[in-house]
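*Asks:* Let me begin by handing over the structure; questions about it come next.
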Amino acid sequence: MKKVIIIIISVVVGLFILIRIPINLRSNAYYYATHMPHNRKQYPFIPVLLGHWLPARYTPGYETRNTGSTRGPLIIRLTKDNLQRKGDFLEIDEYAAVYSLTRADQMTDDNYGLYFSNSGKVKQEIKQNMPNYSRKLIYDELDYVQKEIKQNTPKPKVNLQWIWNLWFKIHYR
């Protein structure tokens, strides 16, 4: 009888742990994404922007817009005005980071854009009618955002970084 009780308790505890793993990974996605090893021109927080709510306190100085329903995929956009000069504009989402001298230029081709792969690696850079400092500015801002998210995300109670790293490697080849 004692063996049966021990087996039942072990199964219940095991199921509880298995159920909590995906919940932990989802609720701490920004922590894990910013603490994983990555290359210089890779920003692992970028793919997490699709479907994971980003609290504004993680990115001070940026306007954070979470759009979409809470049941469907959320689309997050980070924006910042007046970076280098008055009126310039940077917008970051899960597909691109685009810097332009005015908001109107965002819709035209007069901007500097970095376009990301599914893993957050920069796969394409497009520069049209932009000053020379644009490239350095956009990379510096992406590094700053990644550093701020890393600093401001709370540490998970149970750190499953190794599972996240494995999942990220398999999911975002």
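Going through the structure tokens in order, the chains are called A, B, and so on, while each chain numbers its residues from 1 and the ligands are numbered from 1 in the order shown.
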Do a neighbour search on A:Trp167 at 12 Å with only C-alpha atoms, toss out local chain neighbours closer than 6 positions, and write the hits as a count of residues only.
*Replies:* 12
*Asks:* Residues of stretch 86-156 of chain A classed as helix (DSSP H, G or I) by DSSP on the backbone are to be reported as a PDB file with N, CA, C and O atoms, in the first residue's frame.
*Replies:*
```pdb
ATOM      1  N   ALA A 104       7.330  60.869 -41.136  1.00  0.00           N
ATOM      2  CA  ALA A 104       6.847  60.748 -42.513  1.00  0.00           C
ATOM      3  C   ALA A 104       7.803  59.903 -43.350  1.00  0.00           C
ATOM      4  O   ALA A 104       7.375  59.155 -44.232  1.00  0.00           O
ATOM      5  N   ASP A 105       9.110  59.991 -43.066  1.00  0.00           N
ATOM      6  CA  ASP A 105      10.095  59.203 -43.806  1.00  0.00           C
ATOM      7  C   ASP A 105       9.978  57.717 -43.524  1.00  0.00           C
ATOM      8  O   ASP A 105      10.483  56.894 -44.270  1.00  0.00           O
ATOM      9  N   GLN A 106       9.309  57.370 -42.445  1.00  0.00           N
ATOM     10  CA  GLN A 106       9.132  55.967 -42.080  1.00  0.00           C
ATOM     11  C   GLN A 106       8.352  55.240 -43.180  1.00  0.00           C
ATOM     12  O   GLN A 106       8.600  54.076 -43.435  1.00  0.00           O
ATOM     13  N   SER A 134      23.847  56.784 -39.064  1.00  0.00           N
ATOM     14  CA  SER A 134      22.623  55.993 -38.881  1.00  0.00           C
ATOM     15  C   SER A 134      22.907  54.548 -38.479  1.00  0.00           C
ATOM     16  O   SER A 134      22.257  54.005 -37.590  1.00  0.00           O
ATOM     17  N   ARG A 135      23.876  53.925 -39.134  1.00  0.00           N
ATOM     18  CA  ARG A 135      24.178  52.517 -38.862  1.00  0.00           C
ATOM     19  C   ARG A 135      24.630  52.333 -37.416  1.00  0.00           C
ATOM     20  O   ARG A 135      24.136  51.462 -36.699  1.00  0.00           O
ATOM     21  N   LYS A 136      25.578  53.135 -36.973  1.00  0.00           N
ATOM     22  CA  LYS A 136      26.081  53.030 -35.601  1.00  0.00           C
ATOM     23  C   LYS A 136      24.960  53.321 -34.600  1.00  0.00           C
ATOM     24  O   LYS A 136      24.819  52.636 -33.592  1.00  0.00           O
ATOM     25  N   LEU A 137      24.154  54.326 -34.895  1.00  0.00           N
ATOM     26  CA  LEU A 137      23.069  54.709 -33.991  1.00  0.00           C
ATOM     27  C   LEU A 137      22.066  53.568 -33.804  1.00  0.00           C
ATOM     28  O   LEU A 137      21.681  53.249 -32.684  1.00  0.00           O
ATOM     29  N   ILE A 138      21.668  52.925 -34.882  1.00  0.00           N
ATOM     30  CA  ILE A 138      20.650  51.873 -34.780  1.00  0.00           C
ATOM     31  C   ILE A 138      21.199  50.654 -34.035  1.00  0.00           C
ATOM     32  O   ILE A 138      20.509  50.058 -33.204  1.00  0.00           O
ATOM     33  N   TYR A 139      22.466  50.296 -34.283  1.00  0.00           N
ATOM     34  CA  TYR A 139      23.063  49.174 -33.546  1.00  0.00           C
ATOM     35  C   TYR A 139      23.248  49.524 -32.066  1.00  0.00           C
ATOM     36  O   TYR A 139      23.016  48.680 -31.193  1.00  0.00           O
ATOM     37  N   ASP A 140      23.658  50.744 -31.786  1.00  0.00           N
ATOM     38  CA  ASP A 140      23.804  51.169 -30.383  1.00  0.00           C
ATOM     39  C   ASP A 140      22.470  51.128 -29.656  1.00  0.00           C
ATOM     40  O   ASP A 140      22.398  50.711 -28.492  1.00  0.00           O
ATOM     41  N   GLU A 141      21.411  51.545 -30.313  1.00  0.00           N
ATOM     42  CA  GLU A 141      20.087  51.528 -29.694  1.00  0.00           C
ATOM     43  C   GLU A 141      19.591  50.096 -29.462  1.00  0.00           C
ATOM     44  O   GLU A 141      18.994  49.808 -28.433  1.00  0.00           O
ATOM     45  N   LEU A 142      19.838  49.204 -30.404  1.00  0.00           N
ATOM     46  CA  LEU A 142      19.450  47.804 -30.204  1.00  0.00           C
ATOM     47  C   LEU A 142      20.226  47.185 -29.038  1.00  0.00           C
ATOM     48  O   LEU A 142      19.655  46.463 -28.220  1.00  0.00           O
ATOM     49  N   ASP A 143      21.521  47.496 -28.944  1.00  0.00           N
ATOM     50  CA  ASP A 143      22.314  47.014 -27.805  1.00  0.00           C
ATOM     51  C   ASP A 143      21.781  47.584 -26.497  1.00  0.00           C
ATOM     52  O   ASP A 143      21.705  46.882 -25.485  1.00  0.00           O
ATOM     53  N   TYR A 144      21.391  48.857 -26.526  1.00  0.00           N
ATOM     54  CA  TYR A 144      20.850  49.504 -25.323  1.00  0.00           C
ATOM     55  C   TYR A 144      19.533  48.847 -24.892  1.00  0.00           C
ATOM     56  O   TYR A 144      19.338  48.551 -23.710  1.00  0.00           O
ATOM     57  N   VAL A 145      18.648  48.609 -25.846  1.00  0.00           N
ATOM     58  CA  VAL A 145      17.358  47.982 -25.525  1.00  0.00           C
ATOM     59  C   VAL A 145      17.584  46.588 -24.951  1.00  0.00           C
ATOM     60  O   VAL A 145      16.982  46.225 -23.939  1.00  0.00           O
ATOM     61  N   GLN A 146      18.483  45.833 -25.574  1.00  0.00           N
ATOM     62  CA  GLN A 146      18.759  44.481 -25.072  1.00  0.00           C
ATOM     63  C   GLN A 146      19.337  44.543 -23.654  1.00  0.00           C
ATOM     64  O   GLN A 146      18.961  43.752 -22.792  1.00  0.00           O
ATOM     65  N   LYS A 147      20.230  45.505 -23.402  1.00  0.00           N
ATOM     66  CA  LYS A 147      20.831  45.655 -22.067  1.00  0.00           C
ATOM     67  C   LYS A 147      19.767  46.051 -21.037  1.00  0.00           C
ATOM     68  O   LYS A 147      19.738  45.532 -19.923  1.00  0.00           O
ATOM     69  N   GLU A 148      18.865  46.953 -21.413  1.00  0.00           N
ATOM     70  CA  GLU A 148      17.807  47.391 -20.498  1.00  0.00           C
ATOM     71  C   GLU A 148      16.843  46.249 -20.166  1.00  0.00           C
ATOM     72  O   GLU A 148      16.445  46.086 -19.020  1.00  0.00           O
ATOM     73  N   ILE A 149      16.470  45.471 -21.170  1.00  0.00           N
ATOM     74  CA  ILE A 149      15.580  44.337 -20.912  1.00  0.00           C
ATOM     75  C   ILE A 149      16.283  43.346 -19.988  1.00  0.00           C
ATOM     76  O   ILE A 149      15.694  42.841 -19.035  1.00  0.00           O
ATOM     77  N   LYS A 150      17.559  43.104 -20.253  1.00  0.00           N
ATOM     78  CA  LYS A 150      18.328  42.168 -19.415  1.00  0.00           C
ATOM     79  C   LYS A 150      18.408  42.647 -17.976  1.00  0.00           C
ATOM     80  O   LYS A 150      18.269  41.869 -17.040  1.00  0.00           O
ATOM     81  N   GLN A 151      18.609  43.950 -17.798  1.00  0.00           N
ATOM     82  CA  GLN A 151      18.715  44.528 -16.453  1.00  0.00           C
ATOM     83  C   GLN A 151      17.389  44.551 -15.707  1.00  0.00           C
ATOM     84  O   GLN A 151      17.350  44.378 -14.499  1.00  0.00           O
ATOM     85  N   ASN A 152      16.309  44.822 -16.410  1.00  0.00           N
ATOM     86  CA  ASN A 152      15.032  45.103 -15.768  1.00  0.00           C
ATOM     87  C   ASN A 152      14.083  43.915 -15.657  1.00  0.00           C
ATOM     88  O   ASN A 152      13.037  44.037 -15.034  1.00  0.00           O
TER      89      ASN A 152
END
```
*Asks:* Neighbours of A:Met130 within 12 Å (only C-alpha atoms; same-chain residues fewer than 6 positions away dropped), as an MDAnalysis selection string?
*Replies:* chainID A and resid 88 98:102 105:106 109:113 137:138
*Asks:* As an exercise, work out the distance from atom CA of A:Asp81 to atom CA of A:Arg103 in Å and give it to one decimal place.
*Replies:*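 About the pair atom CA of A:Asp81 and atom CA of A:Arg103: they are 9.0 Å apart.
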*Asks:* Out of A:Pro44, A:Gly14, A:Gly61, A:Gly120, which residue has the shortest atom-to-atom distance to A:Asn165 when counting only C-alpha atoms?
*Replies:*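 Under the stated criterion, the closest residue is A:Pro44.
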*Asks:* Which residue gives the smallest distance to A:Tyr30 among A:Thr79, A:Lys169, A:Leu15, A:Pro154, with only C-alpha atoms counted?
*Replies:* A:Pro154
*Asks:* State, in Å with one decimal place, the distance from atom CA of A:Tyr95 to atom CA of A:Asn118.
*Replies:*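 Rounded to one decimal, the two atoms are 8.2 Å apart.
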*Asks:* Could you pull out all residues of stretch 21-172 of chain A with a DSSP call of strand (DSSP E) and give them as a ChimeraX atom specification?
*Replies:* /A:63-67,75-81,89-92,96-100,112-116,122-127
*Asks:* Taking into account only C-alpha atoms, which residue in the set A:His171, A:Arg85, A:Lys121, A:Lys127 is nearest to A:His38?
*Replies:*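 The closest residue to A:His38 is A:Lys121.
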*Asks:* In Å to one decimal, how far is atom CA of A:Pro156 from atom CA of A:Val12?
*Replies:*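 Rounded to one decimal, the two atoms are 22.9 Å apart.
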*Asks:* Tell me which of A:Tyr172, A:Tyr43, A:Tyr133, A:Trp164 sits closest to A:Ile23, counting only C-alpha atoms.
*Replies:*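 The closest residue to A:Ile23 is A:Trp164.
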*Asks:* Would you pick out the contacts of A:Thr64 at 6 Å or less, using only C-alpha atoms, so that residues sharing its chain but fewer than 4 positions from it are not included, and give the list as a PyMOL selection string?
*Replies:* chain A and resi 56+77-78
*Asks:* May I have the residues from that selection written out with all heavy atoms, as a PDB file, in the first residue's frame?
*Replies:*
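Saved the output as again07.pdb:
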```pdb
ATOM      1  N   ALA A  56       6.365  48.038 -20.064  1.00  0.00           N
ATOM      2  CA  ALA A  56       7.072  49.284 -20.379  1.00  0.00           C
ATOM      3  C   ALA A  56       8.260  49.509 -19.444  1.00  0.00           C
ATOM      4  O   ALA A  56       9.247  50.131 -19.836  1.00  0.00           O
ATOM      5  CB  ALA A  56       6.105  50.462 -20.308  1.00  0.00           C
ATOM      6  N   ARG A  77       5.622  46.932 -30.413  1.00  0.00           N
ATOM      7  CA  ARG A  77       6.440  47.923 -31.109  1.00  0.00           C
ATOM      8  C   ARG A  77       7.078  48.828 -30.075  1.00  0.00           C
ATOM      9  O   ARG A  77       6.406  49.342 -29.186  1.00  0.00           O
ATOM     10  CB  ARG A  77       5.582  48.761 -32.050  1.00  0.00           C
ATOM     11  CG  ARG A  77       5.253  48.059 -33.312  1.00  0.00           C
ATOM     12  CD  ARG A  77       4.755  49.039 -34.370  1.00  0.00           C
ATOM     13  NE  ARG A  77       4.640  48.381 -35.637  1.00  0.00           N
ATOM     14  CZ  ARG A  77       3.676  47.547 -35.975  1.00  0.00           C
ATOM     15  NH1 ARG A  77       2.734  47.268 -35.115  1.00  0.00           N
ATOM     16  NH2 ARG A  77       3.654  46.991 -37.162  1.00  0.00           N
ATOM     17  N   LEU A  78       8.377  49.003 -30.205  1.00  0.00           N
ATOM     18  CA  LEU A  78       9.110  49.946 -29.372  1.00  0.00           C
ATOM     19  C   LEU A  78       9.443  51.145 -30.242  1.00  0.00           C
ATOM     20  O   LEU A  78       9.957  50.972 -31.350  1.00  0.00           O
ATOM     21  CB  LEU A  78      10.419  49.318 -28.864  1.00  0.00           C
ATOM     22  CG  LEU A  78      10.289  48.112 -27.959  1.00  0.00           C
ATOM     23  CD1 LEU A  78      11.636  47.450 -27.778  1.00  0.00           C
ATOM     24  CD2 LEU A  78       9.747  48.550 -26.625  1.00  0.00           C
TER      25      LEU A  78
END
```
